[in-house]
Every structure is written in C-alpha cells, then in structure tokens.
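Peer 1: Please find one structure pasted underneath; my questions will follow.
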Amino acid sequence: MKLESNVPEGELATKWTEYKSKMNLVAPNNKRRISVIVVGTGLAGASAAATLAELGYTVKNFTFHDSPRRAHSIAAQGGINAAKNYQNDGDSVYRLFYDTIKGGDYRSREANVHRLAEVSTDIIDQCVAQGVPFAREYGGLLENRSFGGVQVSRTFYARGQTGQQLLIGAYQSLERQISIGQVHMYNRHEMLDLVTVDGKARGIITRNLINGEIERHSAHCVVLATGGYGNVFYLSTNAMGCNVTAAWKSVKRGALMANPCFTQIHPTCIPVSGTYQSKLTLMSESLRNDGRVWVPKKLEDVKAIREGNKTGNDIPESDRDYYLERRYPAFGNLVPRDVASRAAKTACDEGFGVNKSGLAVYLDFSDAIMRYGRIEANSQGDHNPSDAKVKELGTKVIENKYGNLFEMYEKITGENPYKLPMKIYPAVHYTMGGVWVDYNLETNVPGLFALGESNFSDHGANRLGASALMQGLADGYFVIPYTIGQFLSGEIQNPVPSTDLPEFEAAEKEVRARIDKFLSMKGNQTVESFHRRLGLIMWDNCGMSRNAVDLKKARQQVRDLRDEFYKDVFIPGTNEEFNPELEKAGRVADFLELGETMILDALNREESCGGHFREEYQTEEGEALRRDDEFTYVAAWEWDDKEPKLHKEELKFDNVELKTRSYK
Amino acid sequence: MKWLTTLFTSSLGRKLIMSLTGLFLCSFLVIHLLGNFQLLKGDEGVAFNDYAYFMTHFLPIKIVSFGLYAMILVHAILGIMLTIQNKKAKGKTYAKSGTTNVSWASKNMGLLGTLILAFIFIHMGDFWFKMKMDQLPMVMSESLGFEVKDLYFRVAQAFENPVIVIAYIIGQLVLAFHLWHGFGSGFVTLGLNNKKYSPIINAIGRIFAVVVPIGYALIPIIHYLR
Amino acid sequence: MNLTLKVWRQKNDKASGKFEEYQVEATEHMSFLEMLDVLNEDILENKGEPVAFDHDCREGICGTCSLTINGRPHGPNRGTTTCQLHMRHFNDGDTITIEPWRAEAFPVVKDLVVDRSSFDRIIQAGGFISVNTGQAVDGNSIPIEKEIAAESFDAATCIGCGACVAACPNGAAMLFTSAKVSHLGLLPQGKVEQDKRVVKMVETMDDEGFGNCTNIGACHVECPKEIKLENIARMNRQYFAAKIKA
C-alpha cells in the first residue's frame, strides 16, 4: 500500500487558497440529497456537523454523551492560538506555522500545518461572532497571553475555560441546525463498527446506550471526530468516557493508525494521591507564564519535606533549583511540554521529588505575587508599600488571572496554593498520533475522514499549548467543509445506501457477537481492574521514557493481559439495558489492542523526538536525539492480530530546515 | 391578539400577574392599615364609623374595592394553580431534604397564601359580611348628621375575645412571612432587578414585611388590653 | 473512614425505585465519585449490579455528573460539582443519602442517571447566534466593554448540569434558561435576535414541563458555577419587553 498525502502542488503559502479555488464542488441541489455521518460532538465534530449542515448536507451526528455539549473539548483550559498579531509583537502565519513544525519536532506534514496557521485567524472571528466571551482589554478589544514553546503572545482565552466557551459556541451552532432538522442528533449512541461497501465507508453500527438497541446507519461518507486515546494509560487528564473505539473499529476495517507512540505528557498536573484514583487533573499551561518550577537542591530538605517537617516556603532561595530556568535560559519555564515533563521526571528520578511518593515538583507563584503586587501598588500611587501590602495586592492579581485554577487545586488537594507552592507532576494529556489522513483529512479508506485529535496530522511528535483547540476548530469549520467535496462530488449519482445491504447485516452480526461474548464470559475480574493494569504497563514502559528491552517485555505483557481479559472479565447485566460495565468492556478491549500497536510503534522508532523519548537515543546532556536520516516519516500501522504491518509516508521539508530543537 | 393570550398563559406571564396583583395588594395593605388606625383613636369609634361609611358609599372607592376583590381572587386562584403545577413539575421529592440557604417563606408561599385566604374569609365574615347583612347596630354620626352602622362596636366586641385576638396575631405572622418573600420577589418578577437598587428594594421589602403586620397586630392587642 | 450509603436504585424509567443500603470504606483524599467507584468495585466483586451514575470529565466542567447528596444537589459545598467534592468534607460513620435529580422534566434513566435532553431542546429554541461559518467580521471590529464581557461570561459559565432544576422545589429551569439568554443577549452580536430568542426559549421551557419560578433562589445556592439570580430578572424583563413590543 502506497500512502498518498495528496498535498497539492504549488507554493506553501498559496497552496491552500489555490487548491480551494479549483477543487470539486457539490451543487446546492445535490447537497440536499447527500448525507454525512459525523461521529463525535467535540470541537471538531460539532463544528463539522454544524458547518456541513449549513452548507446543505443532511447530517447524522452521534455522541455517547447525554448531550453534545459534554464532549471533552470542554475541559480545555488555557486558550487557542491564532496568528492575528493583534499584539504587534512580530507574529505571522509563517511564524505560527514554523513554531508548530518546530514544536512538533519536525514530524508533521508541512502543508497541513501551514493551512492550520492560515485558517487560525478565521476561527477567532467565527467564535467572536458566535458569542464566545473571550478575554478583553479595557478598550474592549481582544486580549492575548503567551504559551509554551513560542516567543509571541498569540493565545486567545476565556479565563481558564476556553475549551468550554469554544465548545458551547460550536454546540449552539449545532443545536441551531438540529432545530431546523438539518442535523439528526443521536445522543447516548456509541459507534461500534464501521461499514464499508465496495471499499468505501458507507455507514456505522451503533448501540443505543439506554436500551441496548443495535442500529444501522448509512450515509454517503463517515467523518470521525472522536478524540484521542490517552485513556489507554488509565490515568490521564482525559475524561472517563474518552476512548479509541470508533477510531479503532475503523482501523480494524482497514484504516491505518499513524504514529500511535506520539503521546503528550503534560507537565503541570496534580500529582497522583492514591491507588483508588480514577483520573488526573490538569493545571493549565498558562500557569507557567507566572509560576516558577523548582525542586530543593539538597536531599536533606527533600527528606524533611516528605516527612512533613518542612514546606516549600521553608527552603531559602539559595537552596532551590529552578531547573528549567537553569537548563533552558532562553525559554525558561515556558519550554514546550515534552521538555518540561522530561525535566520534571529527571528531577524526581534523581530523588528530588517533593511529595510522599517522590513524584512531584513545585510550581511557585510567590515571585509573581510580589512582582504584580509592586506594580499594582505603584499604579495605586503607593511607592513604598509594605511587604504584606504587596503580597495582598499581588494575590489579588493572581486571583484575577488564575482564580478558578487555584480554586480547583485547593478543592482537590486541600492545600492553599496562594500560600504554599503548588505540587505538580506530568500526566498523559493528549495524543498526537491518530488515524492516518491525507491533505483532505481523508483516511486510506475512501469516504472515511478523521478530524481533530482523532487524526495524526498537525502536531508531529509534540503539540504546542493552545493548538488542540485551534486544530479541532480548523478541521471542522474551515477544512472539512471544503475537502469533503472532493469525495462527495463523485457521489452525486448514488442514493443513500440501504441498510439492508449484506455488508450492514454482517457488521451488525459481528457487533452482536462481540457483545454476547462479553456478557457470556462471567469471569472474576472487573473491567476496571484490567484497564488499571494495562495503564500501568503502558505508563511504566511506554510513557515518558522508553527503551527497547522494556518495550518488548511490555508488548508480551499486554498480549497476555488481553488473553486473560477474554477469559476472566466479569460483566454484569444484559445488553438490553443501560449497562456502563458493558460499554467500558468494549472500550478496554480496544485499548488492549491499541496499546500493543503503540508499543510496536515506540519500538520501531529508534530515535527520540517530541513526546517520544528513547533512552538509547539521547545527547550527553540528556536531550532528545532525533535521527532525521532514518525516521523522517509517518509510521502508519495496519492492524493484524498477529503482527501489525508498518506503512511509511516520507515527510518532505521544503520550507523549513530540519534543526535540532533548542530552547536554551 | 395571540401574543396577549400567550403572554398570560406562559409561566412568566402568570408570574407577572402574580407580581402585579401582589404588589397592588401590598398597597392596599397600607391604605387599609392607615384607615384602621382610627380604631386606636380612643374616641369610641366616631372617626372610624364615619370612615367606614365613607368607604362603603363613595362610588370610586366602591369600584376600586370590586377591583380589589378580583385581585385577591386572581392572586389566590392563580397562586393555587401555580402551586399545584409546581408540585407536579417537581414530581417525587427528596427523601432527605437538605439545608439550602433559602428562606422558609420562599418555599412555602402556597401554604402561607392559603392561610391568608382563610384569614381573609374569617376576617370578612366577622366584619364585612356582618356589615353588609345589616347585622350591626346603628349609631348617630354627629359630623354626618345621620345614623351609620356601628362597625366599631363589632370590632371592640370581637377583640374582647382572647381567641380571636390570638387568631389575628397568627394571621399577621403568616402575612409577615408571605410578605417577607413576596415583596422583593414581585420586583424580581417584573424584571426590576439591578445591582444598585435591588438591595434597597429588598431592604424596603423586609421592613414592609415586619412593620405592616405589626401595625395590624397592634389593633387587636391594644383593644384587648383596653 | 466507614460510611453507610443509602442509594436510590431504579431499574429504568418505568420501574418504581427504592433505597438500598451499602457499607463502604473510603479515605478522605477520595473524590465522592471515586468513593462510588470503590462501592461499585465491591458490588462487582460480589457479582452484583453496580450503581449507575453519570460522570465524565471529573474536573467540574462537563456538567455530566449529578447526584443529590443528603438532599443537596452536588453535595454540601458551594460552587462545587459532585466530581470535585472530596470525602474530607464527611466524617467517619456518616450515613449519606444519594438520590437522582428530581424533576418531572428529568425522567430517571437508571438508578442515579437522569435524562436531561430537555435542556438541549431549550437551546435549540434559540440559544444561539444565527451566524453561519465564514460570515464573521474581524474579531476586533466588535469592541465589547470589559465589564459587559465579564457579565456575559459569568452567565456563559453554566455547565448545563441541571442542579438548578434539581434544587428548585418547583422544578423550574429559569436559571439555566436565563443564563443562556443573558450570555448571548448582553453581547452586541447577540442583541439582534434577542427578542425572538427569549420568547422562544421561554415557550420551550414551559412546554418541556418545567415548573414556574417563584424566586426562591435555591437554584443559585446549589449552582456549581454560582450563576446569578439577576439573570432571571433580566430574562423576565426582556420577555415582557419582547412580548409588548409591536
């Protein structure tokens, strides 16, 4: 199989514009007769469903949630990037493109990333028009802040709830289309299989999660916008329901899984507190604008802290190691996520972790509080304020900027972060890998598209902060509405396929058989316990740092776990009812296969790049060592029970020079 | 005209009626109280009986009083309807009721309103009905120059009975609770809510809810003590 | 800590439910939902049927989790969703009563899970700005006063969890509906269709079987995002104005 990226010819900067003006279109009268299935209602799914419906297509939209508004995009905190250059600080489409390519450690496709940077500005306009209440300056204009890995302020935000506000904007557009009947919404429906007819994606099989009904849905094409697979690690910042099932079922029907080992470990999460823990909570990257990351220099201080005899406040300035500022003076605390996470791991591996488990570092706002406090005092005309006054004023400024995040931290940990430095540790957050797509966001299965986090296309080996929201909305609002026409223009002669076709019947039968199998096993272990064990294997061996020996061992462990799962899992109840355990079982079964593919991919990629760090490939200073000669390609995996097959798409860089990433 | 019917059949429209009638009844409470204070003059009811005559024989007042009866009925009937509907909309209630930070009165306006309605019936039966049915003795009004009904006599007679006095005090207590929530709520329903003025309106409402019922309660108490 | 849980169990919307009692051992660092996870693991160990409850993001933003805990939607803490409620706010030996959201417009799906799709239908009636993709002008061409933007934002933080309805003795959805009306109506972009929006959303809210607001204020007290009651007054005002306008 040869993977064609279908990137159009032409200059990088004008490629998308030229392509748009020449691509095939579907006439309005034909759009009415064409139906599209969109799976997922997050930023990518909701924006795609709404926009396709606005264009006149008949859309069927599916979510396993009770409402489209619950999709996990809602939890994104920090912001969304756009090359508006409102701050007059030297930003441009090219710079956003370049930052994203570099941030992704040169493992993404140039043309896709440039298009993303181009449409980023339209997203902000669209969202403002929808009523997204972005942060504003006193003059009434939009405000920006900075994020990791860049030297301009291009991040638009809505307090610490940017994802929520953007998703509500997209959700409202979607609801508007539902109200006029252009979108048929299926809540609490889970996609359990993809149906292909004559090699083209023509429908899906779903389970109604309320009553267990297995349904067939057909359309001219299928769009996946089903998010990432971070929950393969069990503990992650993803929501409990996030899963890979829709994407994975597509992979089992022939789509390819690209770069699955590229997972993002976010540096600022609340550390794990116990074995009962179900998920981890992220503290927005925006905190690194003002917070300073450090660990004690002396091991005896670490010991005292762990035993509860000292707190972070008791360690004098001279005994603190602000290791990010020390190691990366140019970017300091705002290095990209992969670099910050790895540095935290190194500090903790060396024994400097500051909580009981030794897996936490400090994120300290005391400097920022004093700095803001002095500015605030000055602006109030008090040029000689007391320290207490400065602290009080500064605390207010920090509260205005990050109040809801600080509150969340206190709720979870019971500690007051205005008084004591926050404790943070890296956690799985985002998956750059995903279903392989070409320039049109179409997979290798004709008529099957993948958007947002569910595809692999834009972030390479590491995603920059505030870029996930940008990509989700870019794909849904401004890319798929055009590129889908390339496929659908060839379908205007075809009616909506009948769901009575043998392909639908066969797929439904397989789905039923899988469910029956789960319910008939009646083993002794819970689904949750398998998931937890899988997560541990993945985190220990395929997490922040990886090596060949452990990866090989881990692959066998995952396979053994899968066998054990199919022998000994216990699922109560029946199919014909609301049965969360049955839902989870299907998802964990898919994670057990995906996990193996991730490990294989990590084994295959004998280099360190972005979020993928192979211990064998590092510089003397412990930095990632990329091997461009051999690995400048996308690794796309075809699933096979015994031995998944690797396909390669070479990455060509005509516009940027491949350099070793340096944030020093 | 459809807009008008939909306005008054919508939940907000019905609430609007509750609010307008309620606030009108509040104004009536003030007028009624000021009039009734003549019971405390200590003139053996001369001024009060003249006042009663005036109120029952002056045409504009008579018209307004019919409006008042209508308002009471609308407020009461609609209130009962809303209460029933709300009970239905809630369905099953919680086995364990939590302590939410809201006034007891606000959650029991239906009950309070029904008690007030009952009180009004008793009150009107005691005085208004007896007056209308000519069951009162007549007394010479010196200022008017003819005989008027001696309503004062009936009042003084009633408030010699401690049971009636206590019933009236309880009635005013119920009214106080009803007003405690109702006054401010009426303004919110009208949409008259504003960061600057709402605290003032609420404060006035609370004062109103305390002062007016105390004023009413003083009448039977003072009469009894006399 | 050892706890006794009285949990509402109901097979589906047609079945009648009842309370069942469970013992569970928790630690103070657990979240309330993690405590329920532990309960469910125990139940599964004994081959029983776990308690169904809605949950997803577990960081207080998706609005999926619900639960009326000891009579209070989202439990005893102000401004906190159930998923962010931690067991350190309970004591060893406590008995905790857990019920689903109660309102006729939120029928029970199973155990503690309810159907809140009526909220979606209220939004469908007008909780949006009618702008198609691609029609927008430059974001900075619509300056918005910082305070107005902030007020709109405060209303927009609603997570659609339904605690307001659950808390309301009347089962009214005024706080939810008015929050959306305020979010959009305060912004210049949303003013254009505000009259139509407020009338249609109120009509749908009534049709869905929610009760009538009597300004009790329990909705605001239990709202995990502390949405303000001013929104309700604003919606009243705008509704009457829209109806009376020629």
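Letters for chains follow the order of the structure tokens (A, B, ...), residue numbers begin at 1 for each chain, and ligand numbers begin at 1 in the order shown.
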Considering only C-alpha atoms, return as a PyMOL selection string whatever protein or nucleic-acid residues lie within 10 Å of Lys252 of chain A, sequence-local ones (same chain, fewer than 4 positions apart) excluded.

Peer 2: chain A and resi 193-194+247-248+256-257+638-641

Peer 1: I need the chosen residues saved as a JSON list (two decimals), in the first residue's frame, with C-alpha atoms.

Peer 2:
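This went into part_21.json:
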[["chain", "number", "residue", "atom", "x", "y", "z"],
["A", 193, "ASP", "CA", -18.34, -0.60, 13.88],
["A", 194, "LEU", "CA", -17.66, 0.96, 10.52],
["A", 247, "ALA", "CA", -11.25, 5.05, 15.56],
["A", 248, "TRP", "CA", -10.09, 1.57, 16.41],
["A", 256, "LEU", "CA", -4.26, 2.99, 9.40],
["A", 257, "MET", "CA", -3.13, 4.15, 12.83],
["A", 638, "GLU", "CA", -2.27, -1.71, 9.60],
["A", 639, "TRP", "CA", -3.82, -3.87, 12.31],
["A", 640, "ASP", "CA", -3.25, -7.57, 12.32],
["A", 641, "ASP", "CA", -3.94, -9.84, 15.27]]

Peer 1: If you run DSSP on the backbone, which residues of segment 401-589 of chain A are helix (DSSP H, G or I), as a PyMOL selection string?

Peer 2: chain A and resi 401-413+452-454+468-488+502-521+527-542+548-568+580-589

Peer 1: Let's have the selection written as a compact mmCIF listing (two decimals), in the first residue's frame, with C-alpha atoms.

Peer 2:
# COMPACT_ATOMS: atom_id res chain seq x y z
CA LYS A 401 -5.79 35.69 36.29
CA TYR A 402 -5.96 32.14 37.59
CA GLY A 403 -8.62 32.19 40.31
CA ASN A 404 -10.62 29.24 39.06
CA LEU A 405 -7.50 27.10 38.61
CA PHE A 406 -6.25 27.88 42.09
CA GLU A 407 -9.68 27.09 43.48
CA MET A 408 -9.73 23.77 41.66
CA TYR A 409 -6.30 22.93 43.03
CA GLU A 410 -7.43 23.68 46.56
CA LYS A 411 -10.61 21.62 46.16
CA ILE A 412 -8.65 18.58 45.08
CA THR A 413 -5.60 18.77 47.30
CA GLY A 452 -9.25 16.89 15.38
CA GLU A 453 -7.37 14.81 17.92
CA SER A 454 -8.55 11.59 16.28
CA ALA A 468 -5.51 21.49 20.04
CA LEU A 469 -8.48 23.83 20.13
CA MET A 470 -7.12 25.54 17.04
CA GLN A 471 -6.81 22.29 15.14
CA GLY A 472 -10.18 20.91 16.16
CA LEU A 473 -11.99 24.01 15.00
CA ALA A 474 -9.84 24.49 11.91
CA ASP A 475 -10.66 20.97 10.75
CA GLY A 476 -14.36 21.31 11.46
CA TYR A 477 -15.13 24.89 10.41
CA PHE A 478 -12.66 25.56 7.62
CA VAL A 479 -11.10 22.40 6.21
CA ILE A 480 -13.58 19.53 6.01
CA PRO A 481 -16.42 21.65 4.55
CA TYR A 482 -14.20 22.16 1.50
CA THR A 483 -12.24 18.92 1.25
CA ILE A 484 -15.23 16.65 1.75
CA GLY A 485 -16.48 17.91 -1.62
CA GLN A 486 -13.53 16.24 -3.32
CA PHE A 487 -15.02 12.90 -2.37
CA LEU A 488 -18.72 13.72 -2.40
CA PRO A 502 -25.26 -7.63 3.29
CA GLU A 503 -22.32 -5.52 4.49
CA PHE A 504 -24.54 -3.88 7.11
CA GLU A 505 -26.01 -7.19 8.13
CA ALA A 506 -22.60 -8.76 8.52
CA ALA A 507 -21.25 -5.84 10.55
CA GLU A 508 -24.27 -5.88 12.85
CA LYS A 509 -23.85 -9.58 13.38
CA GLU A 510 -20.23 -9.12 14.37
CA VAL A 511 -21.17 -6.38 16.83
CA ARG A 512 -23.82 -8.59 18.40
CA ALA A 513 -21.41 -11.50 18.61
CA ARG A 514 -18.84 -9.35 20.43
CA ILE A 515 -21.42 -8.17 22.94
CA ASP A 516 -22.68 -11.70 23.50
CA LYS A 517 -19.13 -12.84 24.07
CA PHE A 518 -18.50 -10.18 26.70
CA LEU A 519 -21.71 -11.00 28.52
CA SER A 520 -21.19 -14.75 28.43
CA MET A 521 -17.68 -14.75 29.90
CA VAL A 527 -13.20 -4.35 33.57
CA GLU A 528 -11.73 -1.55 35.65
CA SER A 529 -9.03 -3.81 37.07
CA PHE A 530 -7.90 -4.81 33.59
CA HIS A 531 -7.86 -1.20 32.50
CA ARG A 532 -5.80 -0.23 35.50
CA ARG A 533 -3.27 -2.98 34.84
CA LEU A 534 -3.00 -2.04 31.18
CA GLY A 535 -2.45 1.57 32.16
CA LEU A 536 0.37 0.65 34.49
CA ILE A 537 2.14 -1.40 31.81
CA MET A 538 1.81 1.45 29.34
CA TRP A 539 2.92 4.16 31.77
CA ASP A 540 5.93 2.22 33.04
CA ASN A 541 7.17 1.13 29.65
CA CYS A 542 5.69 3.37 27.01
CA ALA A 548 13.75 -1.48 23.63
CA VAL A 549 14.10 -4.05 26.40
CA ASP A 550 11.15 -2.82 28.40
CA LEU A 551 9.03 -2.23 25.32
CA LYS A 552 9.49 -5.82 24.17
CA LYS A 553 8.61 -7.08 27.62
CA ALA A 554 5.61 -4.78 27.74
CA ARG A 555 4.29 -6.00 24.40
CA GLN A 556 4.16 -9.54 25.73
CA GLN A 557 2.54 -8.35 28.95
CA VAL A 558 -0.18 -6.56 27.02
CA ARG A 559 -0.84 -9.63 24.89
CA ASP A 560 -1.05 -11.81 27.99
CA LEU A 561 -3.37 -9.32 29.62
CA ARG A 562 -5.58 -9.39 26.54
CA ASP A 563 -5.81 -13.19 26.71
CA GLU A 564 -6.61 -13.01 30.38
CA PHE A 565 -9.26 -10.37 29.71
CA TYR A 566 -11.11 -12.60 27.28
CA LYS A 567 -11.06 -15.44 29.79
CA ASP A 568 -11.76 -13.81 33.09
CA PRO A 580 -21.94 1.08 31.77
CA GLU A 581 -19.83 -2.00 32.52
CA LEU A 582 -20.61 -3.41 29.08
CA GLU A 583 -19.69 -0.07 27.47
CA LYS A 584 -16.40 0.00 29.34
CA ALA A 585 -15.61 -3.59 28.41
CA GLY A 586 -15.77 -2.83 24.70
CA ARG A 587 -13.55 0.19 25.13
CA VAL A 588 -10.95 -1.58 27.24
CA ALA A 589 -10.86 -4.45 24.72

Peer 1: Could you give me, as JSON lines, a per-residue list for chain C showing, wherever an atom lies at most 7 Å from an atom of chain B, the closest pair of atoms and their distance in Å to one decimal, using only C-alpha atoms and sorting by chain then residue number from low to high?

Peer 2:
{"residue": "C:Asn70", "atom": "CA", "partner": "B:Lys96", "partner_atom": "CA", "distance": 5.8}
{"residue": "C:Gly71", "atom": "CA", "partner": "B:Gly98", "partner_atom": "CA", "distance": 4.0}
{"residue": "C:Arg72", "atom": "CA", "partner": "B:Gly98", "partner_atom": "CA", "distance": 5.1}
{"residue": "C:Thr97", "atom": "CA", "partner": "B:Lys96", "partner_atom": "CA", "distance": 7.0}
{"residue": "C:Arg102", "atom": "CA", "partner": "B:Lys92", "partner_atom": "CA", "distance": 6.2}
{"residue": "C:Ala103", "atom": "CA", "partner": "B:Lys90", "partner_atom": "CA", "distance": 4.4}
{"residue": "C:Glu104", "atom": "CA", "partner": "B:Ala89", "partner_atom": "CA", "distance": 5.2}
{"residue": "C:Pro169", "atom": "CA", "partner": "B:Lys90", "partner_atom": "CA", "distance": 6.4}
{"residue": "C:Asn170", "atom": "CA", "partner": "B:Asn86", "partner_atom": "CA", "distance": 4.5}
{"residue": "C:Gly171", "atom": "CA", "partner": "B:Lys90", "partner_atom": "CA", "distance": 4.6}
{"residue": "C:Glu203", "atom": "CA", "partner": "B:Ser10", "partner_atom": "CA", "distance": 6.9}
{"residue": "C:Asp206", "atom": "CA", "partner": "B:Ser11", "partner_atom": "CA", "distance": 6.5}
{"residue": "C:Gly209", "atom": "CA", "partner": "B:Ala89", "partner_atom": "CA", "distance": 6.2}
{"residue": "C:Phe210", "atom": "CA", "partner": "B:Ala89", "partner_atom": "CA", "distance": 5.7}
{"residue": "C:Gly211", "atom": "CA", "partner": "B:Asn86", "partner_atom": "CA", "distance": 4.8}
{"residue": "C:Asn212", "atom": "CA", "partner": "B:Ser11", "partner_atom": "CA", "distance": 5.7}
{"residue": "C:Asn215", "atom": "CA", "partner": "B:Ser185", "partner_atom": "CA", "distance": 5.8}
{"residue": "C:Ile216", "atom": "CA", "partner": "B:Ser106", "partner_atom": "CA", "distance": 5.1}
{"residue": "C:Gly217", "atom": "CA", "partner": "B:Val102", "partner_atom": "CA", "distance": 6.5}
{"residue": "C:Ala218", "atom": "CA", "partner": "B:Val102", "partner_atom": "CA", "distance": 6.1}
{"residue": "C:Val221", "atom": "CA", "partner": "B:Asn101", "partner_atom": "CA", "distance": 6.5}
{"residue": "C:Glu230", "atom": "CA", "partner": "B:Asn193", "partner_atom": "CA", "distance": 6.4}
{"residue": "C:Ala233", "atom": "CA", "partner": "B:Gly191", "partner_atom": "CA", "distance": 4.2}
{"residue": "C:Arg234", "atom": "CA", "partner": "B:Gly191", "partner_atom": "CA", "distance": 5.6}
{"residue": "C:Asn236", "atom": "CA", "partner": "B:Gly191", "partner_atom": "CA", "distance": 5.1}
{"residue": "C:Arg237", "atom": "CA", "partner": "B:Gly191", "partner_atom": "CA", "distance": 4.2}
{"residue": "C:Lys243", "atom": "CA", "partner": "B:Trp3", "partner_atom": "CA", "distance": 6.7}

Peer 1: Counting only C-alpha atoms, which of A:Ser120, A:His220, A:Asn355, A:Val195 gets nearest to Gln493 of chain A?

Peer 2: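 Of the candidates, the smallest distance to Gln493 of chain A is held by A:His220.
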
Peer 1: Mind checking which residues fall within 6 Å of segment 439-443 of chain A, counting only C-alpha atoms, ignoring those fewer than 5 positions away in the same chain, and posting them as a list in words?

Peer 2: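 Here the answer would be Ser5, Asn6, Val7, Leu448, Phe449, Ala450 and Thr483 of chain A.
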
Peer 1: State, in Å with one decimal place, the distance from atom CA of Phe365 of chain A to atom CA of Asp290 of chain A.

Peer 2: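 Atom CA of Asp290 of chain A lies 6.5 Å from atom CA of Phe365 of chain A.
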
Peer 1: Tell me, in Å to one decimal, how far atom CA of Lys132 of chain B is from atom CA of Gly22 of chain B.

Peer 2: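 Atom CA of Lys132 of chain B sits 26.0 Å away from atom CA of Gly22 of chain B.
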
Peer 1: Which one of A:Ile375, A:Met370, A:Leu363, A:Ile214 sits closest to Met422 of chain A if you count only C-alpha atoms?

Peer 2: A:Leu363

Peer 1: Please, which residues of segment 536-650 of chain A, numbered as in this document, come out strand (DSSP E or B) from DSSP, as a VMD selection string?

Peer 2: chain A and resid 546 569 to 570 609 612 614 618 624 633 to 638 645 to 650

Peer 1: Keeping N, CA and C atoms, export the residues of the selection given above as a PDB file, in the first residue's frame.

Peer 2:
ATOM      1  N   ARG A 546      11.300   5.543  27.221  1.00  0.00           N
ATOM      2  CA  ARG A 546      11.091   4.185  26.717  1.00  0.00           C
ATOM      3  C   ARG A 546      12.425   3.570  26.320  1.00  0.00           C
ATOM      4  N   VAL A 569     -12.919 -11.752  32.418  1.00  0.00           N
ATOM      5  CA  VAL A 569     -13.567 -10.498  32.772  1.00  0.00           C
ATOM      6  C   VAL A 569     -15.015 -10.775  33.191  1.00  0.00           C
ATOM      7  N   PHE A 570     -15.481  -9.953  34.138  1.00  0.00           N
ATOM      8  CA  PHE A 570     -16.868 -10.112  34.573  1.00  0.00           C
ATOM      9  C   PHE A 570     -17.674  -8.880  34.195  1.00  0.00           C
ATOM     10  N   CYS A 609      12.180  11.907  19.765  1.00  0.00           N
ATOM     11  CA  CYS A 609      11.659  13.149  19.199  1.00  0.00           C
ATOM     12  C   CYS A 609      10.368  13.498  19.921  1.00  0.00           C
ATOM     13  N   HIS A 612       8.184  11.390  22.335  1.00  0.00           N
ATOM     14  CA  HIS A 612       8.728  10.029  22.295  1.00  0.00           C
ATOM     15  C   HIS A 612      10.207  10.074  22.648  1.00  0.00           C
ATOM     16  N   ARG A 614      13.380   7.848  23.578  1.00  0.00           N
ATOM     17  CA  ARG A 614      14.004   6.533  23.712  1.00  0.00           C
ATOM     18  C   ARG A 614      15.332   6.717  24.419  1.00  0.00           C
ATOM     19  N   GLN A 618      19.907   9.651  23.147  1.00  0.00           N
ATOM     20  CA  GLN A 618      19.927  10.949  23.800  1.00  0.00           C
ATOM     21  C   GLN A 618      21.327  11.532  23.722  1.00  0.00           C
ATOM     22  N   ALA A 624      16.859  15.019  23.811  1.00  0.00           N
ATOM     23  CA  ALA A 624      16.393  14.063  22.793  1.00  0.00           C
ATOM     24  C   ALA A 624      17.297  14.089  21.558  1.00  0.00           C
ATOM     25  N   TYR A 633       9.634  10.066   8.819  1.00  0.00           N
ATOM     26  CA  TYR A 633       8.443   9.515   8.162  1.00  0.00           C
ATOM     27  C   TYR A 633       7.310   9.333   9.159  1.00  0.00           C
ATOM     28  N   VAL A 634       6.128   9.199   8.609  1.00  0.00           N
ATOM     29  CA  VAL A 634       4.968   8.864   9.420  1.00  0.00           C
ATOM     30  C   VAL A 634       4.864   7.349   9.453  1.00  0.00           C
ATOM     31  N   ALA A 635       4.776   6.776  10.639  1.00  0.00           N
ATOM     32  CA  ALA A 635       4.625   5.322  10.743  1.00  0.00           C
ATOM     33  C   ALA A 635       3.130   5.013  10.858  1.00  0.00           C
ATOM     34  N   ALA A 636       2.582   4.409   9.795  1.00  0.00           N
ATOM     35  CA  ALA A 636       1.146   4.113   9.785  1.00  0.00           C
ATOM     36  C   ALA A 636       0.949   2.606   9.865  1.00  0.00           C
ATOM     37  N   TRP A 637       0.192   2.179  10.858  1.00  0.00           N
ATOM     38  CA  TRP A 637       0.085   0.748  11.159  1.00  0.00           C
ATOM     39  C   TRP A 637      -1.233   0.156  10.702  1.00  0.00           C
ATOM     40  N   GLU A 638      -1.105  -0.953  10.007  1.00  0.00           N
ATOM     41  CA  GLU A 638      -2.274  -1.715   9.604  1.00  0.00           C
ATOM     42  C   GLU A 638      -2.458  -2.808  10.644  1.00  0.00           C
ATOM     43  N   LYS A 645       1.164  -4.428  10.527  1.00  0.00           N
ATOM     44  CA  LYS A 645       2.086  -4.116   9.421  1.00  0.00           C
ATOM     45  C   LYS A 645       2.352  -2.617   9.345  1.00  0.00           C
ATOM     46  N   LEU A 646       3.613  -2.284   9.094  1.00  0.00           N
ATOM     47  CA  LEU A 646       4.015  -0.877   9.039  1.00  0.00           C
ATOM     48  C   LEU A 646       3.985  -0.338   7.612  1.00  0.00           C
ATOM     49  N   HIS A 647       3.381   0.824   7.427  1.00  0.00           N
ATOM     50  CA  HIS A 647       3.455   1.551   6.153  1.00  0.00           C
ATOM     51  C   HIS A 647       4.073   2.895   6.457  1.00  0.00           C
ATOM     52  N   LYS A 648       4.856   3.398   5.478  1.00  0.00           N
ATOM     53  CA  LYS A 648       5.565   4.660   5.748  1.00  0.00           C
ATOM     54  C   LYS A 648       5.133   5.750   4.777  1.00  0.00           C
ATOM     55  N   GLU A 649       4.952   6.951   5.336  1.00  0.00           N
ATOM     56  CA  GLU A 649       4.797   8.123   4.472  1.00  0.00           C
ATOM     57  C   GLU A 649       5.984   9.034   4.753  1.00  0.00           C
ATOM     58  N   GLU A 650       6.822   9.190   3.728  1.00  0.00           N
ATOM     59  CA  GLU A 650       8.004  10.040   3.916  1.00  0.00           C
ATOM     60  C   GLU A 650       7.552  11.482   4.129  1.00  0.00           C
TER      61      GLU A 650
END
